[in-house]
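One file, final.pdb, carrying PDB, C-alpha atoms and all ligand atoms:
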```pdb
MODEL        1
ATOM      1  CA  MET Z   1       0.000   0.000   0.000
ATOM      2  CA  LYS Z   2       1.174   3.490  -0.780
ATOM      3  CA  SER Z   3       2.452   5.489   2.147
ATOM      4  CA  ILE Z   4       0.615   8.719   2.838
ATOM      5  CA  PRO Z   5       2.684  11.845   2.165
ATOM      6  CA  SER Z   6       3.848  13.418   5.354
ATOM      7  CA  ASP Z   7       1.995  16.494   6.424
ATOM      8  CA  ASP Z   8       5.182  18.471   6.195
ATOM      9  CA  ILE Z   9       5.252  18.334   2.370
ATOM     10  CA  LYS Z  10       4.420  21.844   1.217
ATOM     11  CA  LEU Z  11       3.650  23.239  -2.218
ATOM     12  CA  VAL Z  12       5.342  26.591  -2.707
ATOM     13  CA  PRO Z  13       5.188  28.931  -5.735
ATOM     14  CA  ALA Z  14       8.229  28.332  -7.923
ATOM     15  CA  SER Z  15       8.730  32.105  -8.118
ATOM     16  CA  GLN Z  16      10.124  31.913  -4.568
ATOM     17  CA  PHE Z  17      13.179  30.029  -5.854
ATOM     18  CA  SER Z  18      16.113  31.143  -7.952
ATOM     19  CA  LEU Z  19      16.638  29.755 -11.438
ATOM     20  CA  ASP Z  20      19.683  27.892 -10.108
ATOM     21  CA  GLU Z  21      17.574  26.245  -7.415
ATOM     22  CA  LEU Z  22      14.853  25.322  -9.904
ATOM     23  CA  THR Z  23      17.437  23.934 -12.312
ATOM     24  CA  GLY Z  24      18.978  21.908  -9.481
ATOM     25  CA  ILE Z  25      15.717  20.339  -8.390
ATOM     26  CA  TYR Z  26      14.636  19.691 -11.957
ATOM     27  CA  ASN Z  27      17.902  17.892 -12.764
ATOM     28  CA  GLN Z  28      17.649  15.805  -9.594
ATOM     29  CA  THR Z  29      14.179  14.622 -10.601
ATOM     30  CA  ARG Z  30      15.489  13.541 -14.001
ATOM     31  CA  VAL Z  31      18.664  11.637 -13.071
ATOM     32  CA  ASP Z  32      17.038   8.374 -14.159
ATOM     33  CA  TYR Z  33      14.865   9.789 -16.953
ATOM     34  CA  MET Z  34      14.149   7.800 -20.120
ATOM     35  CA  VAL Z  35      15.545  10.544 -22.338
ATOM     36  CA  PRO Z  36      18.352  12.554 -20.699
ATOM     37  CA  MET Z  37      17.437  16.252 -20.822
ATOM     38  CA  PRO Z  38      19.677  18.047 -18.328
ATOM     39  CA  MET Z  39      19.105  21.793 -17.990
ATOM     40  CA  ASN Z  40      21.242  24.695 -16.899
ATOM     41  CA  ALA Z  41      19.901  27.997 -15.573
ATOM     42  CA  ALA Z  42      20.305  29.791 -18.917
ATOM     43  CA  ARG Z  43      18.399  27.085 -20.772
ATOM     44  CA  LEU Z  44      15.690  27.081 -18.146
ATOM     45  CA  ALA Z  45      15.371  30.870 -18.457
ATOM     46  CA  GLU Z  46      14.922  30.537 -22.221
ATOM     47  CA  TYR Z  47      12.430  27.699 -21.749
ATOM     48  CA  ILE Z  48      10.378  29.821 -19.339
ATOM     49  CA  SER Z  49      10.338  32.736 -21.736
ATOM     50  CA  VAL Z  50       9.628  30.826 -24.978
ATOM     51  CA  TYR Z  51       6.892  28.664 -23.446
ATOM     52  CA  ASP Z  52       5.224  31.343 -21.295
ATOM     53  CA  VAL Z  53       5.899  29.425 -18.101
ATOM     54  CA  ASP Z  54       4.303  31.267 -15.206
ATOM     55  CA  LEU Z  55       6.510  30.744 -12.149
ATOM     56  CA  GLU Z  56       3.966  32.407  -9.848
ATOM     57  CA  HIS Z  57       1.587  29.565 -10.685
ATOM     58  CA  SER Z  58       4.214  26.821 -10.904
ATOM     59  CA  LEU Z  59       5.015  24.745  -7.833
ATOM     60  CA  VAL Z  60       7.886  23.279  -5.879
ATOM     61  CA  ALA Z  61       7.259  20.557  -3.289
ATOM     62  CA  THR Z  62       9.391  20.910  -0.174
ATOM     63  CA  GLN Z  63       9.714  18.818   2.951
ATOM     64  CA  ASN Z  64      11.439  20.281   5.995
ATOM     65  CA  GLY Z  65      13.053  22.819   3.708
ATOM     66  CA  VAL Z  66      14.393  20.142   1.313
ATOM     67  CA  LEU Z  67      13.209  20.319  -2.305
ATOM     68  CA  ARG Z  68      11.365  17.137  -3.332
ATOM     69  CA  GLY Z  69       9.758  17.893  -6.651
ATOM     70  CA  VAL Z  70       8.739  20.522  -9.173
ATOM     71  CA  ALA Z  71       6.000  21.123 -11.744
ATOM     72  CA  MET Z  72       5.591  24.115 -14.030
ATOM     73  CA  LEU Z  73       2.567  25.719 -15.641
ATOM     74  CA  GLY Z  74       2.605  27.370 -19.047
ATOM     75  CA  VAL Z  75      -0.195  29.902 -19.430
ATOM     76  CA  ARG Z  76      -1.640  31.239 -22.681
ATOM     77  CA  GLU Z  77      -5.060  32.491 -23.697
ATOM     78  CA  SER Z  78      -7.689  29.931 -22.577
ATOM     79  CA  ARG Z  79      -5.167  27.133 -22.106
ATOM     80  CA  ALA Z  80      -2.550  25.863 -19.698
ATOM     81  CA  TRP Z  81       0.372  23.497 -20.156
ATOM     82  CA  ILE Z  82       1.827  21.113 -17.618
ATOM     83  CA  THR Z  83       5.593  20.785 -17.942
ATOM     84  CA  ARG Z  84       8.841  19.916 -16.141
ATOM     85  CA  LEU Z  85       7.032  17.672 -13.649
ATOM     86  CA  GLY Z  86       9.368  15.548 -11.592
ATOM     87  CA  VAL Z  87       9.825  14.097  -8.137
ATOM     88  CA  ILE Z  88      13.265  13.096  -6.868
ATOM     89  CA  PRO Z  89      13.617   9.302  -7.085
ATOM     90  CA  ALA Z  90      13.855   8.611  -3.338
ATOM     91  CA  THR Z  91      10.569  10.475  -2.719
ATOM     92  CA  ARG Z  92       8.477   8.834  -5.457
ATOM     93  CA  ARG Z  93       5.270   6.932  -4.824
ATOM     94  CA  THR Z  94       4.495   8.902  -1.717
ATOM     95  CA  GLY Z  95       1.914  11.159  -3.347
ATOM     96  CA  VAL Z  96       4.132  14.144  -4.160
ATOM     97  CA  GLY Z  97       3.641  13.889  -7.935
ATOM     98  CA  GLU Z  98      -0.126  13.765  -7.584
ATOM     99  CA  ALA Z  99      -0.100  16.658  -5.113
ATOM    100  CA  LEU Z 100       1.982  18.758  -7.520
ATOM    101  CA  MET Z 101      -0.355  17.938 -10.410
ATOM    102  CA  GLU Z 102      -3.494  18.700  -8.438
ATOM    103  CA  GLY Z 103      -1.861  21.910  -7.275
ATOM    104  CA  LEU Z 104      -1.126  22.981 -10.856
ATOM    105  CA  LEU Z 105      -4.640  22.151 -12.052
ATOM    106  CA  GLU Z 106      -5.999  24.241  -9.211
ATOM    107  CA  GLN Z 107      -3.692  27.109 -10.185
ATOM    108  CA  ALA Z 108      -5.029  26.908 -13.755
ATOM    109  CA  GLU Z 109      -8.608  26.980 -12.462
ATOM    110  CA  ARG Z 110      -7.787  30.054 -10.412
ATOM    111  CA  LEU Z 111      -6.702  31.702 -13.647
ATOM    112  CA  ASN Z 112     -10.090  30.693 -15.046
ATOM    113  CA  ILE Z 113      -8.486  28.204 -17.429
ATOM    114  CA  HIS Z 114     -10.341  24.915 -17.867
ATOM    115  CA  PHE Z 115      -8.354  23.363 -20.699
ATOM    116  CA  ASP Z 116      -4.993  21.754 -19.881
ATOM    117  CA  MET Z 117      -2.462  20.222 -22.257
ATOM    118  CA  LEU Z 118       0.665  18.115 -21.831
ATOM    119  CA  GLU Z 119       2.890  15.597 -23.573
ATOM    120  CA  VAL Z 120       4.362  12.480 -22.044
ATOM    121  CA  ILE Z 121       7.102  10.302 -23.509
ATOM    122  CA  LYS Z 122       5.647   7.068 -24.835
ATOM    123  CA  ASN Z 123       5.991   4.201 -22.316
ATOM    124  CA  ASN Z 124       6.547   6.515 -19.332
ATOM    125  CA  THR Z 125       4.027   4.457 -17.371
ATOM    126  CA  PRO Z 126       4.232   6.292 -14.006
ATOM    127  CA  ALA Z 127       3.522   9.692 -15.549
ATOM    128  CA  HIS Z 128       0.968   8.386 -18.044
ATOM    129  CA  SER Z 129      -0.952   6.610 -15.242
ATOM    130  CA  LEU Z 130      -0.874   9.723 -13.105
ATOM    131  CA  PHE Z 131      -2.288  11.860 -15.923
ATOM    132  CA  PHE Z 132      -5.024   9.319 -16.691
ATOM    133  CA  LYS Z 133      -5.942   9.240 -13.018
ATOM    134  CA  LEU Z 134      -6.385  13.009 -13.035
ATOM    135  CA  GLY Z 135      -8.684  13.024 -16.049
ATOM    136  CA  PHE Z 136      -6.327  13.592 -18.979
ATOM    137  CA  TYR Z 137      -7.131  11.715 -22.196
ATOM    138  CA  GLU Z 138      -4.968  10.881 -25.213
ATOM    139  CA  VAL Z 139      -5.347  12.979 -28.337
ATOM    140  CA  GLY Z 140      -2.506  11.707 -30.495
ATOM    141  CA  GLU Z 141       1.038  10.592 -30.910
ATOM    142  CA  LEU Z 142       3.918  12.955 -31.656
ATOM    143  CA  LEU Z 143       7.384  12.404 -33.102
ATOM    144  CA  VAL Z 144      10.692  13.924 -32.095
ATOM    145  CA  LEU Z 145      13.103  13.790 -35.035
ATOM    146  CA  ARG Z 146      16.719  14.674 -35.612
ATOM    147  CA  ARG Z 147      19.090  14.891 -38.505
ATOM    148  CA  SER Z 148      22.897  15.015 -38.521
ATOM    149  CA  PRO Z 149      24.583  17.454 -40.898
ATOM    150  CA  VAL Z 150      25.149  14.958 -43.712
ATOM    151  CA  PRO Z 151      25.545  16.497 -47.193
ATOM    152  CA  PRO Z 152      22.065  17.136 -48.616
ATOM    153  CA  PRO Z 153      21.045  16.043 -52.116
ATOM    154  CA  ASP Z 154      21.012  18.599 -54.922
ATOM    155  CA  PRO Z 155      18.298  21.138 -54.205
ATOM    156  CA  VAL Z 156      14.995  20.670 -55.982
ATOM    157  CA  VAL Z 157      14.658  23.241 -58.764
ATOM    158  CA  ALA Z 158      12.348  25.923 -57.420
ATOM    159  CA  ASP Z 159      11.936  29.631 -56.975
ATOM    160  CA  ALA Z 160      13.149  29.948 -53.368
ATOM    161  CA  GLN Z 161      12.667  33.159 -51.385
ATOM    162  CA  ARG Z 162      14.258  33.660 -47.989
ATOM    163  CA  LEU Z 163      11.921  35.214 -45.452
ATOM    164  CA  ASP Z 164      12.931  37.481 -42.601
ATOM    165  CA  ARG Z 165      11.511  37.195 -39.092
ATOM    166  CA  SER Z 166       8.504  39.387 -39.667
ATOM    167  CA  GLU Z 167       7.550  37.750 -42.984
ATOM    168  CA  SER Z 168       7.993  34.334 -41.364
ATOM    169  CA  LEU Z 169       5.820  35.146 -38.364
ATOM    170  CA  THR Z 170       3.123  36.549 -40.640
ATOM    171  CA  LEU Z 171       2.954  33.164 -42.367
ATOM    172  CA  VAL Z 172       2.847  31.283 -39.069
ATOM    173  CA  GLY Z 173      -0.129  33.398 -38.026
ATOM    174  CA  ARG Z 174      -1.779  33.277 -34.640
ATOM    175  CA  ASP Z 175      -4.217  30.411 -35.045
ATOM    176  CA  ARG Z 176      -2.301  27.420 -33.696
ATOM    177  CA  GLY Z 177      -3.853  27.214 -30.211
ATOM    178  CA  THR Z 178      -4.625  23.489 -30.208
ATOM    179  CA  GLN Z 179      -1.274  22.458 -31.657
ATOM    180  CA  PRO Z 180       1.218  20.937 -29.212
ATOM    181  CA  TRP Z 181       2.392  23.778 -26.965
ATOM    182  CA  THR Z 182       5.944  23.830 -28.331
ATOM    183  CA  ASN Z 183       4.599  24.410 -31.850
ATOM    184  CA  GLN Z 184       1.973  27.024 -31.080
ATOM    185  CA  SER Z 185       2.347  30.499 -32.572
ATOM    186  CA  GLU Z 186       3.404  32.037 -29.258
ATOM    187  CA  SER Z 187       6.454  29.744 -29.041
ATOM    188  CA  LEU Z 188       7.693  31.089 -32.373
ATOM    189  CA  PHE Z 189       6.830  34.703 -31.583
ATOM    190  CA  ASN Z 190       8.759  34.394 -28.291
ATOM    191  CA  ALA Z 191      11.831  32.777 -29.880
ATOM    192  CA  GLN Z 192      14.919  34.483 -31.328
ATOM    193  CA  GLU Z 193      16.479  33.977 -34.776
ATOM    194  CA  ILE Z 194      13.329  33.007 -36.630
ATOM    195  CA  SER Z 195      13.426  33.009 -40.419
ATOM    196  CA  GLY Z 196      11.889  31.113 -43.280
ATOM    197  CA  LEU Z 197      11.795  29.965 -46.867
ATOM    198  CA  HIS Z 198       9.015  30.195 -49.414
ATOM    199  CA  LEU Z 199       9.251  27.893 -52.419
ATOM    200  CA  THR Z 200       7.393  27.677 -55.708
ATOM    201  CA  LEU Z 201       8.143  24.588 -57.801
ATOM    202  CA  ALA Z 202       8.107  24.352 -61.586
ATOM    203  CA  ASP Z 203       4.720  22.574 -61.564
ATOM    204  CA  GLY Z 204       3.123  25.350 -59.507
ATOM    205  CA  SER Z 205       3.247  23.542 -56.149
ATOM    206  CA  ARG Z 206       4.263  25.843 -53.364
ATOM    207  CA  GLY Z 207       4.732  26.055 -49.642
ATOM    208  CA  TRP Z 208       6.784  27.489 -46.821
ATOM    209  CA  LEU Z 209       8.947  26.552 -43.883
ATOM    210  CA  VAL Z 210       9.626  28.712 -40.837
ATOM    211  CA  TYR Z 211      12.402  27.710 -38.432
ATOM    212  CA  GLN Z 212      14.676  28.859 -35.655
ATOM    213  CA  ARG Z 213      18.397  28.904 -36.231
ATOM    214  CA  GLN Z 214      20.323  28.286 -33.019
ATOM    215  CA  LYS Z 215      24.105  28.294 -32.820
ATOM    216  CA  PHE Z 216      24.561  24.636 -33.756
ATOM    217  CA  THR Z 217      21.012  23.539 -34.471
ATOM    218  CA  LEU Z 218      18.010  24.192 -36.682
ATOM    219  CA  THR Z 219      14.774  23.709 -34.778
ATOM    220  CA  ARG Z 220      11.121  24.779 -34.257
ATOM    221  CA  PHE Z 221       9.829  24.011 -37.736
ATOM    222  CA  ILE Z 222       6.410  25.239 -38.780
ATOM    223  CA  TYR Z 223       5.506  24.560 -42.405
ATOM    224  CA  LYS Z 224       2.642  24.472 -44.811
ATOM    225  CA  THR Z 225       1.933  23.247 -48.312
ATOM    226  CA  GLU Z 226      -0.174  25.924 -49.980
ATOM    227  CA  VAL Z 227      -0.581  24.080 -53.298
ATOM    228  CA  GLY Z 228       0.379  20.549 -54.332
ATOM    229  CA  ASP Z 229       1.639  17.358 -52.748
ATOM    230  CA  PRO Z 230       2.935  17.924 -49.169
ATOM    231  CA  GLU Z 231       5.708  15.342 -49.477
ATOM    232  CA  LYS Z 232       7.010  16.937 -52.678
ATOM    233  CA  VAL Z 233       6.868  20.464 -51.267
ATOM    234  CA  ALA Z 234       8.535  19.394 -48.003
ATOM    235  CA  TYR Z 235      11.330  17.579 -49.829
ATOM    236  CA  ALA Z 236      11.953  20.740 -51.822
ATOM    237  CA  PHE Z 237      12.059  23.107 -48.835
ATOM    238  CA  LEU Z 238      14.260  20.716 -46.847
ATOM    239  CA  SER Z 239      16.695  20.391 -49.758
ATOM    240  CA  HIS Z 240      17.068  24.179 -49.846
ATOM    241  CA  LEU Z 241      17.291  24.539 -46.082
ATOM    242  CA  HIS Z 242      20.023  21.952 -45.631
ATOM    243  CA  LEU Z 243      21.997  23.348 -48.530
ATOM    244  CA  GLN Z 244      21.878  26.731 -46.787
ATOM    245  CA  TYR Z 245      23.068  25.301 -43.429
ATOM    246  CA  PRO Z 246      25.281  22.312 -44.267
ATOM    247  CA  ARG Z 247      26.980  22.193 -40.849
ATOM    248  CA  LEU Z 248      23.998  22.423 -38.530
ATOM    249  CA  ASP Z 249      22.248  19.608 -36.733
ATOM    250  CA  THR Z 250      18.465  19.583 -36.842
ATOM    251  CA  GLN Z 251      16.101  18.699 -34.019
ATOM    252  CA  ILE Z 252      12.375  19.047 -34.350
ATOM    253  CA  GLU Z 253       9.706  18.004 -31.935
ATOM    254  CA  ASN Z 254       6.070  17.142 -31.680
ATOM    255  CA  ILE Z 255       5.375  16.392 -35.312
ATOM    256  CA  GLN Z 256       2.009  14.661 -35.700
ATOM    257  CA  LEU Z 257       2.300  11.002 -36.636
ATOM    258  CA  ASN Z 258      -0.152  11.478 -39.516
ATOM    259  CA  ASP Z 259       1.604  14.554 -40.943
ATOM    260  CA  PRO Z 260       1.623  14.058 -44.744
ATOM    261  CA  HIS Z 261       4.992  15.864 -45.005
ATOM    262  CA  LEU Z 262       6.750  13.174 -42.925
ATOM    263  CA  PRO Z 263       8.011  10.894 -45.750
ATOM    264  CA  ALA Z 264      10.064  13.822 -47.073
ATOM    265  CA  PHE Z 265      11.788  14.198 -43.702
ATOM    266  CA  TYR Z 266      12.772  10.531 -43.676
ATOM    267  CA  ARG Z 267      14.033  10.754 -47.267
ATOM    268  CA  MET Z 268      16.142  13.741 -46.206
ATOM    269  CA  GLY Z 269      17.920  11.720 -43.495
ATOM    270  CA  TYR Z 270      15.799  12.533 -40.447
ATOM    271  CA  ILE Z 271      15.491   9.780 -37.876
ATOM    272  CA  GLU Z 272      13.090   9.262 -35.024
ATOM    273  CA  SER Z 273      14.546  10.019 -31.567
ATOM    274  CA  PHE Z 274      11.461   9.112 -29.549
ATOM    275  CA  ARG Z 275       7.687   9.496 -29.402
ATOM    276  CA  ARG Z 276       5.373  11.363 -27.106
ATOM    277  CA  ILE Z 277       1.701  10.964 -26.322
ATOM    278  CA  GLU Z 278      -0.258  14.193 -26.346
ATOM    279  CA  MET Z 279      -2.922  14.447 -23.629
ATOM    280  CA  TRP Z 280      -5.652  16.976 -22.885
ATOM    281  CA  ARG Z 281      -7.930  17.610 -19.948
ATOM    282  CA  GLY Z 282     -11.192  19.408 -20.593
ATOM    283  CA  THR Z 283     -12.415  20.560 -23.977
ATOM    284  CA  PRO Z 284     -10.589  23.119 -26.080
ATOM    285  CA  PRO Z 285     -12.644  26.310 -25.979
ATOM    286  CA  ALA Z 286     -14.370  27.243 -29.230
ATOM    287  CA  SER Z 287     -12.175  30.353 -29.473
ATOM    288  CA  LEU Z 288      -9.134  28.089 -29.960
ATOM    289  CA  VAL Z 289     -10.684  25.527 -32.285
ATOM    290  CA  SER Z 290     -12.446  27.888 -34.642
ATOM    291  CA  ARG Z 291      -9.619  30.361 -35.087
TER
HETATM  292  C1  LIG P 301       5.723  10.694 -12.789
HETATM  293  C2  LIG P 301       6.143  11.098 -11.373
HETATM  294  C3  LIG P 301       6.180  12.619 -11.294
HETATM  295  C4  LIG P 301       5.105  10.568 -10.387
HETATM  296  O1  LIG P 301       5.415  11.091  -9.102
HETATM  297  P1  LIG P 301       5.146  10.283  -7.739
HETATM  298  O2  LIG P 301       5.311  11.230  -6.627
HETATM  299  O3  LIG P 301       5.955   9.044  -7.702
HETATM  300  O4  LIG P 301       3.595   9.875  -7.934
HETATM  301  P2  LIG P 301       2.508   9.640  -6.804
HETATM  302  O5  LIG P 301       3.115   8.883  -5.651
HETATM  303  O6  LIG P 301       1.851  10.926  -6.457
HETATM  304  O7  LIG P 301       1.488   8.699  -7.559
HETATM  305  C5  LIG P 301       0.269   9.186  -8.091
HETATM  306  C6  LIG P 301      -0.235   8.282  -9.186
HETATM  307  O8  LIG P 301       0.720   8.233 -10.261
HETATM  308  C7  LIG P 301       0.725   6.928 -10.852
HETATM  309  N1  LIG P 301       2.026   6.308 -10.637
HETATM  310  C8  LIG P 301       3.072   6.850  -9.986
HETATM  311  N2  LIG P 301       4.125   6.015 -10.045
HETATM  312  C9  LIG P 301       3.734   4.929 -10.749
HETATM  313  C10 LIG P 301       4.383   3.740 -11.168
HETATM  314  N3  LIG P 301       5.673   3.511 -10.864
HETATM  315  N4  LIG P 301       3.689   2.864 -11.910
HETATM  316  C11 LIG P 301       2.405   3.089 -12.233
HETATM  317  N5  LIG P 301       1.727   4.205 -11.860
HETATM  318  C12 LIG P 301       2.381   5.108 -11.122
HETATM  319  C13 LIG P 301      -0.368   6.157 -10.136
HETATM  320  O9  LIG P 301      -1.565   6.406 -10.863
HETATM  321  C14 LIG P 301      -0.403   6.836  -8.811
HETATM  322  O10 LIG P 301      -1.632   6.701  -8.180
HETATM  323  P3  LIG P 301      -1.880   5.393  -7.216
HETATM  324  O11 LIG P 301      -0.819   5.434  -6.186
HETATM  325  O12 LIG P 301      -3.266   5.626  -6.674
HETATM  326  O13 LIG P 301      -1.750   4.187  -8.080
HETATM  327  C15 LIG P 301       7.524  10.480 -11.012
HETATM  328  O14 LIG P 301       7.503   9.121 -11.307
HETATM  329  C16 LIG P 301       8.718  11.119 -11.715
HETATM  330  O15 LIG P 301       9.247  12.136 -11.275
HETATM  331  N6  LIG P 301       9.180  10.513 -12.832
HETATM  332  C17 LIG P 301      10.331  11.022 -13.571
HETATM  333  C18 LIG P 301      10.019  12.304 -14.299
HETATM  334  C19 LIG P 301       8.798  12.183 -15.179
HETATM  335  O16 LIG P 301       8.532  11.152 -15.766
HETATM  336  N7  LIG P 301       8.056  13.290 -15.300
HETATM  337  C20 LIG P 301       6.864  13.381 -16.100
HETATM  338  C21 LIG P 301       7.227  13.846 -17.461
HETATM  339  S1  LIG P 301       5.804  14.022 -18.479
ENDMDL
END
```
Before anything else, please render the file you have as structure tokens.
Ligand SMILES: CC(C)(COP(=O)(O)OP(=O)(O)OC[C@H]1O[C@@H](n2cnc3c(N)ncnc32)[C@H](O)[C@@H]1OP(=O)(O)O)[C@@H](O)C(=O)NCCC(=O)NCCS
Amino acid sequence: MKSIPSDDIKLVPASQFSLDELTGIYNQTRVDYMVPMPMNAARLAEYISVYDVDLEHSLVATQNGVLRGVAMLGVRESRAWITRLGVIPATRRTGVGEALMEGLLEQAERLNIHFDMLEVIKNNTPAHSLFFKLGFYEVGELLVLRRSPVPPPDPVVADAQRLDRSESLTLVGRDRGTQPWTNQSESLFNAQEISGLHLTLADGSRGWLVYQRQKFTLTRFIYKTEVGDPEKVAYAFLSHLHLQYPRLDTQIENIQLNDPHLPAFYRMGYIESFRRIEMWRGTPPASLVSR
């Protein structure tokens, strides 16, 4: 039988801790994680800013002044996102994870938000069971892909226009509220070094790709086929992108499993790193779905 959490476990707003402390507790909760994702304070600061994490409404679990777990809440119009949840291994199965989750859901309710989103790595049974228990349901499966900087094939013949940040963000638009949180419009608007490519192929097919260029990595892809076959358009924009950045790695996350552009990514040398299950709680408000 599960032991009852001691009364001295407290949930405290994460804003009462420094970024170094939050990074420390987060890393301790992930020492045995399925996919290693260590953070440092600078990366956590960027994460908080890009994903609209609200530290006032995020929580740290403490016991006798010792940090036991953490859970963060992303907040955007009419929706909240559960992220960075973790309990240090020695404290697990004592109810801390559930207390943190219930605390976050309550924080969202206080903000008058009744629609919560999250992603969980496939086969992470403890977390998946916890989310089910609290009323989350599965909405789909997502892929995390990466590509090493191998030489790309010759670029597909096309009229290729480079897009600056503002042109790129105009194409992304603001209507991506039910997409996975990382790929919503706000994540791109909050991120640095965003640019894009618009391609028109000889047969009239056309489409665009918007991305973030980090120091060593291309990431945060948003793309659309405006006319024509998505696989063909994607292969064309990827061939131009990788020609432009031959030395950069690529990491993209939360691509829908049924995305018709996917075969082009595999043909271009992308491989699957891992999968996530997307889960929701509540119903997306009409303002998000109909936009
Ligand atoms: C997921 C995690 C936060 C759960 O925290 P916890 O404090 O151990 O969980 P609790 O003791 O509050 O358990 C609450 C519920 O979670 C589920 N659960 C927790 N551990 C489980 C396990 N090992 N197997 C199956 N279900 C489990 C159960 O539904 C449990 O309810 P029950 O006791 O009535 O069966 C913890 O395992 C963890 O930190 N894992 C590593 C980081 C991680 O996976 N984070 C989530 C990323 S999305």
Please provide as a ChimeraX atom specification all residues within 8 Å of Pro284 (chain Z), with the sequence filter that same-chain residues fewer than 4 positions apart are discarded (counting only C-alpha atoms). /Z:79,115,178,288-289
I'd like the interatomic distance between CA of Val150 (chain Z) and CA of Ala236 (chain Z), to a tenth of an Å.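 Atom-to-atom, CA of Val150 (chain Z) and CA of Ala236 (chain Z) are spaced 16.5 Å apart.
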Give as a ChimeraX atom specification the residues surrounding ligand LIG 301 (chain P) up to a distance of 8 Å, considering all atoms listed in the file. /Z:2,29-30,32-34,69,83-89,91-100,118-121,124-133
Each residue of region 201-272 of chain Z lying at most 12 Å from region 154-176 of chain Z should get a row with its shortest atom-to-atom pair and the distance in Å to one decimal, counting only C-alpha atoms; could you produce that, ordered by chain and increasing number, as a Markdown table?
```
| residue | atom | partner | partner_atom | distance |
| --- | --- | --- | --- | --- |
| Z:Leu201 | CA | Z:Ala158 | CA | 4.4 |
| Z:Ala202 | CA | Z:Ala158 | CA | 6.1 |
| Z:Asp203 | CA | Z:Ala158 | CA | 9.3 |
| Z:Gly204 | CA | Z:Ala158 | CA | 9.5 |
| Z:Ser205 | CA | Z:Ala158 | CA | 9.5 |
| Z:Arg206 | CA | Z:Ala158 | CA | 9.0 |
| Z:Gly207 | CA | Z:Ala160 | CA | 10.0 |
| Z:Trp208 | CA | Z:Leu171 | CA | 8.2 |
| Z:Leu209 | CA | Z:Ser168 | CA | 8.2 |
| Z:Val210 | CA | Z:Ser168 | CA | 5.9 |
| Z:Tyr211 | CA | Z:Ser168 | CA | 8.5 |
| Z:Gln212 | CA | Z:Arg165 | CA | 9.6 |
| Z:Arg213 | CA | Z:Arg165 | CA | 11.2 |
| Z:Arg220 | CA | Z:Val172 | CA | 11.6 |
| Z:Phe221 | CA | Z:Val172 | CA | 10.2 |
| Z:Ile222 | CA | Z:Val172 | CA | 7.0 |
| Z:Tyr223 | CA | Z:Val172 | CA | 8.0 |
| Z:Lys224 | CA | Z:Val172 | CA | 8.9 |
| Z:Thr225 | CA | Z:Leu171 | CA | 11.6 |
| Z:Glu226 | CA | Z:Leu171 | CA | 11.0 |
| Z:Lys232 | CA | Z:Val156 | CA | 9.4 |
| Z:Val233 | CA | Z:Val156 | CA | 9.4 |
| Z:Ala234 | CA | Z:Val156 | CA | 10.3 |
| Z:Tyr235 | CA | Z:Val156 | CA | 7.8 |
| Z:Ala236 | CA | Z:Val156 | CA | 5.2 |
| Z:Phe237 | CA | Z:Val156 | CA | 8.1 |
| Z:Leu238 | CA | Z:Pro155 | CA | 8.4 |
| Z:Ser239 | CA | Z:Pro155 | CA | 4.8 |
| Z:His240 | CA | Z:Pro155 | CA | 5.5 |
| Z:Leu241 | CA | Z:Pro155 | CA | 8.9 |
| Z:His242 | CA | Z:Pro155 | CA | 8.8 |
| Z:Leu243 | CA | Z:Pro155 | CA | 7.1 |
| Z:Gln244 | CA | Z:Pro155 | CA | 10.0 |
| Z:Met268 | CA | Z:Asp154 | CA | 11.1 |
```
Write out as a list in words the residues lying within 12 Å of Ser18 (chain Z), counting all atoms listed in the file and excluding same-chain residues fewer than 4 positions away.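 My list of contacting residues is Pro13, Ala14, Leu22, Thr23, Gly24, Ile25, Ala41, Ala42, Leu44, Ala45, Leu55 and Val60 of chain Z.
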I'd like a table as a tab-separated table: residues in region 52-157 of chain Z with an atom no more than 12 Å from region 245-252 of chain Z, each row giving the shortest atom pair and its distance in Å to one decimal, only C-alpha atoms counted, sorted by chain and rising residue number.
```
residue	atom	partner	partner_atom	distance
Z:Leu142	CA	Z:Ile252	CA	10.8
Z:Leu143	CA	Z:Ile252	CA	8.4
Z:Val144	CA	Z:Ile252	CA	5.8
Z:Leu145	CA	Z:Ile252	CA	5.4
Z:Arg146	CA	Z:Gln251	CA	4.4
Z:Arg147	CA	Z:Thr250	CA	5.0
Z:Ser148	CA	Z:Asp249	CA	5.0
Z:Pro149	CA	Z:Asp249	CA	5.2
Z:Val150	CA	Z:Pro246	CA	7.4
Z:Pro151	CA	Z:Pro246	CA	6.5
Z:Pro152	CA	Z:Pro246	CA	7.5
Z:Pro153	CA	Z:Pro246	CA	10.9
```
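CA of Gln214 (chain Z) is positioned 7.1 Å from CA of Glu193 (chain Z).
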Pick from Z:Leu262, Z:Ile113, Z:Met37, Z:Ala286, whichever lies nearest to Ser78 (chain Z) using all atoms listed in the file: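 Residue with the minimum atom-to-atom distance to Ser78 (chain Z): Z:Ile113.
Interatomic distance, CA of Ala80 (chain Z) against CA of Met117 (chain Z): 6.2 Å.
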